[in-house]
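Everything on this sheet refers to the single structure shown next.
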Amino acid sequence: MNDYWSMLFVFVLATFIGLGVIRRVSRLLYTPLMSLTNAISAIAVVGSIVVAGADYPSTIRIIGAVALFASMTNIVSGFLITDRMLKMFKKQ
Amino acid sequence: MIHAIAQAAAVLATALFIFSLYWMNDPKTARRGVVAGVTGMVIAVGATWIQPEIVHHGWIVLAILAGFIVGVPLSLVPLTAVPQRTALSHAFGGLAAGLVGTAEYFLGVGEGPAQLTAFRMSAIIAEIILGFLTFTGSLMATGKLQEVKWIPQRPVTYFGQNVVNVGVLVIAVALGVLVVLHPAAPWAPRAFLAVAGLALLFGVLLIIPIGGADMPTVISILNSYAGLSAVAMGFVLDNKLLVTAGALDGSSGLILSIIMCRAMNRSFTNVLFGAFGTVQKTVAVGEQKAWKQETTEGAAQLLEQANLVVVIPGYGMAVAQAQHKVRELYDQLTKRGIAVKFAIHPVAGRMPGHMNVLLAEANIPYTALVEMEEINPDMPQCDVALVIGANDVVNPAARYAKGSPIYGMPIIDADKAKTVLAIKRSKNPGFAGIDNELYVQDNTWMLFGDAKAVIGDLVRQLAGGSGLH
């Protein structure tokens with residue numbers, strides 16, 4: 001039970017850090033911001049790796065593999081398109 | 001030892017993700033943010049993969065390969081299609097969360113009820129409800145943005161819509177509570193699947209009543225939901241890295257939603273309950289004034305004589321793919337020593353920041369892009385306000401017409417400029433279905449036609465060509 005409390009703790013603190021950091025993000029960059037946070041939250045991939053790769057029944061692992069594919073797509077396309085957009089922002 | 005590596009990797013990845021977002025505060029450092037993000041991701045994935053409980057590698061490799069095969073083309077879409085790509089990635093995020101939640105529940109059922117504590121079950125239920133509603137809701141949004149034929153573009157509303165929507169959600173949550181209380185009952189797996197089904201249905205119902213102009217808000221909210229579903233997954237898997245990354249995504253979506261809501265003068269609760277996007281009937285305007293049409297020759301002369309030109313782009317510019325022609329116009333004007341600024345309304349386009357990306361793509365320096373609040377005090381000094389495919393964001397009715405659906409929405413003060421040139425594809429009113437009196441002002445001149453063609457003509461006039469090439 002203790003661990004759940006520390007999880008809530010982490011959640012609350014991370015939310016405040018998130019609010020603080022995001023508030024400072026340049027307004028020019030809201031579109032790349034969204035694709036970047038999208039790629040970052042696809043860190044959910046670590047959950048899918050466990051479900052797809054551990055010694056579980058194969059139906060469970062198939063579900064895990066589909067979830068892994070979905071997260072991986074977000075990671076790849078999210079980081080690539082963010083960089084592609086950021087490259088375009090030039091001062092002069 | 002190997003578990004300690006995983007823990008250390010998670011701490012490192014968390015720090016890198018926070019830096020990644022921190023560097024987005026300036027376009028100069030922003031690309032560093034991508035490097036930090038990728039590094040954090042590789043570290044976290046690597047540390048998870050080498051754990052001893054991962055015994056099957058084949059499907060992991062396959063799924064990662066498939067992710068690259070689909071992900072790379074998705075990152076190469078034209079920038080006008082970035083809103084639908086973003087919505088699609090929210091759908092993928094939601095799907096992953098929903099599926100992992102489902103897998104964890106059925107694993108728990110197999111291993112016995114001791115695994116399914118009330119706290120863990122609550123997290124699983126929250127994860128699948130958030131995950132699956134984000135999945136179908138974002139797919140619907142993707143379809144609307146992509147203008148898929150079988151998804152209606154216009155908001156679909158019907159009598160009792162809110163009652164139905166809230167009802168579906170309430171039933172899903174109530175069933176979810178039952179499953180939390182009796183996770184191992186013989187009927188629980190079926191109830192669990194019913195919760196998943198209702199969440200999928202709710203996502204569709206939530207997006208049906210939403211129209212194009214509300215998409216920036218909706219995408220931001222779905223972004224927030226996608227982040228929260230990752231947080232819930234973190235609770236289920238007892239993984240602090242997931243909780244942190246999900247919270248960063250969730251708070252980003254939250255802040256963007258609030259900014260979008262303010263920019264449209266909608267309350268946050270109004271948006272959260274999905275009761276928005278309804279098209280109100282046209283507000284009858286007493287006297288109908290006539291448009292004054294201008295030729296491109298005349299418009300070019302007006303532009304040439306100006307000292308300060310403010311361009312106000314809207315979604316119409318994106319639809320017409322006119323941003324590159326706008327860049328040529330920008331070059332022609334700045335060559336003559338005319339100051340050119342771009343006034344960006346927060347909700348212009350189909351997602352937050354959409355106009356900035358399109359203009360940056362056309363090589364317009366970001367120093368020329370100015371936010372609404374910054375440009376408005378300068379508008380009385382502006383010689384020509386050039387409105388390209390924007391409508392509601394420059395409608396003066398927002399200031400005083402109480403009955404109007406856009407009443408109270410902050411606007412760019414185009415009407416205060418000395419002269420207004422408005423490029424418009426057709427003579428129809430904008431999304432909100434209201435007349436825009438900016439177009440019939442004494443100092444406004446209309447240029448009807450496709451934005452790309454009209455601006456191309458302007459460029460040709462300014463370049464001194466006689467239309468021969």
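Residues are named by chain letter and number: chains run A, B, ... in the order of the structure tokens, numbers start at 1 in each chain, and ligands are numbered from 1 in the order shown.
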Expected answer as a ChimeraX atom specification: chain A residues within 6 Å of chain B, only C-alpha atoms: /A:11,14-15,18-19,21-22,24-26,28,30-31,37,41,46,53-54,60,65,67,69-70,72-74,76-77,80-81,88-92
Just to be explicit: take each residue in the selection above, keep N, CA and C atoms, and write the result as a short mmCIF file (atom, residue, chain, number, x, y, z; two decimals), in the first residue's frame.
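Resulting contents of result.cif:
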```cif
data_model
loop_
_atom_site.label_atom_id
_atom_site.label_comp_id
_atom_site.auth_asym_id
_atom_site.auth_seq_id
_atom_site.Cartn_x
_atom_site.Cartn_y
_atom_site.Cartn_z
N PHE A 11 3.28 11.45 -8.98
CA PHE A 11 2.34 12.02 -9.95
C PHE A 11 2.10 13.50 -9.70
N ALA A 14 5.31 15.51 -10.43
CA ALA A 14 5.59 15.56 -11.87
C ALA A 14 4.62 16.49 -12.58
N THR A 15 3.35 16.51 -12.12
CA THR A 15 2.38 17.40 -12.75
C THR A 15 2.80 18.86 -12.54
N GLY A 18 5.66 19.60 -14.73
CA GLY A 18 5.14 19.72 -16.09
C GLY A 18 4.50 21.08 -16.32
N LEU A 19 3.63 21.50 -15.41
CA LEU A 19 2.96 22.80 -15.58
C LEU A 19 3.99 23.92 -15.64
N VAL A 21 7.24 23.77 -16.50
CA VAL A 21 8.09 23.73 -17.70
C VAL A 21 7.28 24.12 -18.94
N ILE A 22 6.08 23.56 -19.05
CA ILE A 22 5.29 23.80 -20.27
C ILE A 22 4.88 25.27 -20.38
N ARG A 24 6.57 27.74 -19.85
CA ARG A 24 7.67 28.52 -20.42
C ARG A 24 7.91 28.22 -21.90
N VAL A 25 7.24 27.21 -22.42
CA VAL A 25 7.49 26.83 -23.81
C VAL A 25 7.08 27.97 -24.75
N SER A 26 7.93 28.22 -25.75
CA SER A 26 7.65 29.28 -26.71
C SER A 26 6.32 29.01 -27.43
N LEU A 28 5.50 29.85 -30.23
CA LEU A 28 5.73 29.50 -31.63
C LEU A 28 5.73 27.98 -31.81
N TYR A 30 4.08 25.40 -30.23
CA TYR A 30 3.05 24.54 -29.65
C TYR A 30 2.81 23.27 -30.46
N THR A 31 2.89 23.37 -31.79
CA THR A 31 2.67 22.16 -32.59
C THR A 31 3.78 21.14 -32.35
N THR A 37 5.72 15.83 -26.71
CA THR A 37 5.15 15.22 -25.50
C THR A 37 4.49 13.90 -25.84
N SER A 41 5.40 10.52 -24.00
CA SER A 41 4.45 9.72 -23.21
C SER A 41 4.33 8.32 -23.80
N VAL A 46 7.57 0.76 -22.39
CA VAL A 46 8.25 -0.14 -21.45
C VAL A 46 7.24 -1.10 -20.81
N GLY A 53 6.82 -9.59 -23.68
CA GLY A 53 8.03 -10.41 -23.63
C GLY A 53 8.16 -11.35 -22.45
N ALA A 54 7.32 -11.17 -21.42
CA ALA A 54 7.47 -12.03 -20.24
C ALA A 54 6.82 -13.38 -20.51
N ILE A 60 -2.22 -12.98 -24.20
CA ILE A 60 -1.78 -11.78 -23.48
C ILE A 60 -0.61 -11.14 -24.22
N ALA A 65 2.02 -7.12 -27.78
CA ALA A 65 2.75 -6.77 -29.00
C ALA A 65 2.04 -5.68 -29.78
N ALA A 67 0.09 -3.38 -28.48
CA ALA A 67 0.31 -2.14 -27.73
C ALA A 67 1.73 -1.62 -27.96
N PHE A 69 3.53 -2.06 -30.63
CA PHE A 69 3.56 -1.48 -31.97
C PHE A 69 2.98 -0.05 -31.95
N ALA A 70 1.84 0.11 -31.25
CA ALA A 70 1.21 1.44 -31.21
C ALA A 70 2.15 2.46 -30.56
N MET A 72 5.42 2.28 -30.24
CA MET A 72 6.63 2.45 -31.04
C MET A 72 6.38 3.39 -32.20
N THR A 73 5.19 3.26 -32.82
CA THR A 73 4.84 4.17 -33.91
C THR A 73 4.87 5.61 -33.42
N ASN A 74 4.32 5.83 -32.23
CA ASN A 74 4.32 7.19 -31.68
C ASN A 74 5.72 7.70 -31.41
N VAL A 76 8.60 6.76 -32.89
CA VAL A 76 9.32 7.02 -34.14
C VAL A 76 8.76 8.26 -34.84
N SER A 77 7.45 8.25 -35.09
CA SER A 77 6.90 9.38 -35.86
C SER A 77 6.93 10.66 -35.03
N LEU A 80 10.63 12.09 -34.95
CA LEU A 80 11.06 12.49 -36.30
C LEU A 80 10.33 13.76 -36.77
N ILE A 81 9.02 13.80 -36.57
CA ILE A 81 8.28 14.96 -37.09
C ILE A 81 8.58 16.20 -36.25
N MET A 88 12.70 23.88 -39.24
CA MET A 88 12.17 24.94 -40.11
C MET A 88 12.16 26.31 -39.45
N PHE A 89 12.25 26.32 -38.11
CA PHE A 89 12.18 27.62 -37.44
C PHE A 89 13.53 28.31 -37.51
N LYS A 90 13.60 29.35 -38.38
CA LYS A 90 14.86 30.07 -38.56
C LYS A 90 14.66 31.53 -38.22
N LYS A 91 15.73 32.11 -37.72
CA LYS A 91 15.63 33.50 -37.31
C LYS A 91 15.64 34.42 -38.53
N GLN A 92 16.51 34.13 -39.47
CA GLN A 92 16.55 34.98 -40.68
C GLN A 92 16.86 34.17 -41.91
#
```
What's the 9 Å shell around Ile411 (chain B), counting only C-alpha atoms, without same-chain residues fewer than 6 positions away, as a ChimeraX atom specification? /B:263,345,372,376,392-396,398-399
Report the distance between CA of Ala453 (chain B) and CA of Val326 (chain B) in Å, rounded to one decimal place.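 Pair CA of Ala453 (chain B) / CA of Val326 (chain B) returns 10.6 Å.
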Region 209-348 of chain B: which residues are alpha helix (DSSP H) by DSSP, as a PyMOL selection string? chain B and resi 215-237+240-264+268-272+296-304+315-319+323-335
Neighbour list for region 153-165 of chain B as a list in words, cut-off 6 Å, only C-alpha atoms, skip fewer than 2 positions in-chain: Lys144, Gly167, Val168, Ile208, Pro209, Ile210 and Gly211 of chain B
One number please: CA of Leu438 (chain B) to CA of Ala390 (chain B), in Å, one decimal. 11.3 Å
Report, in Å with one decimal, the straight-line distance from CA of Ser404 (chain B) to CA of Asn391 (chain B).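 For CA of Ser404 (chain B) relative to CA of Asn391 (chain B), the distance reads 14.1 Å.
Candidate residues A:Ser71, A:Arg84, A:Ala52, A:Leu8 were compared for distance to Ile40 (chain A), and the nearest is A:Ser71, using only C-alpha atoms.
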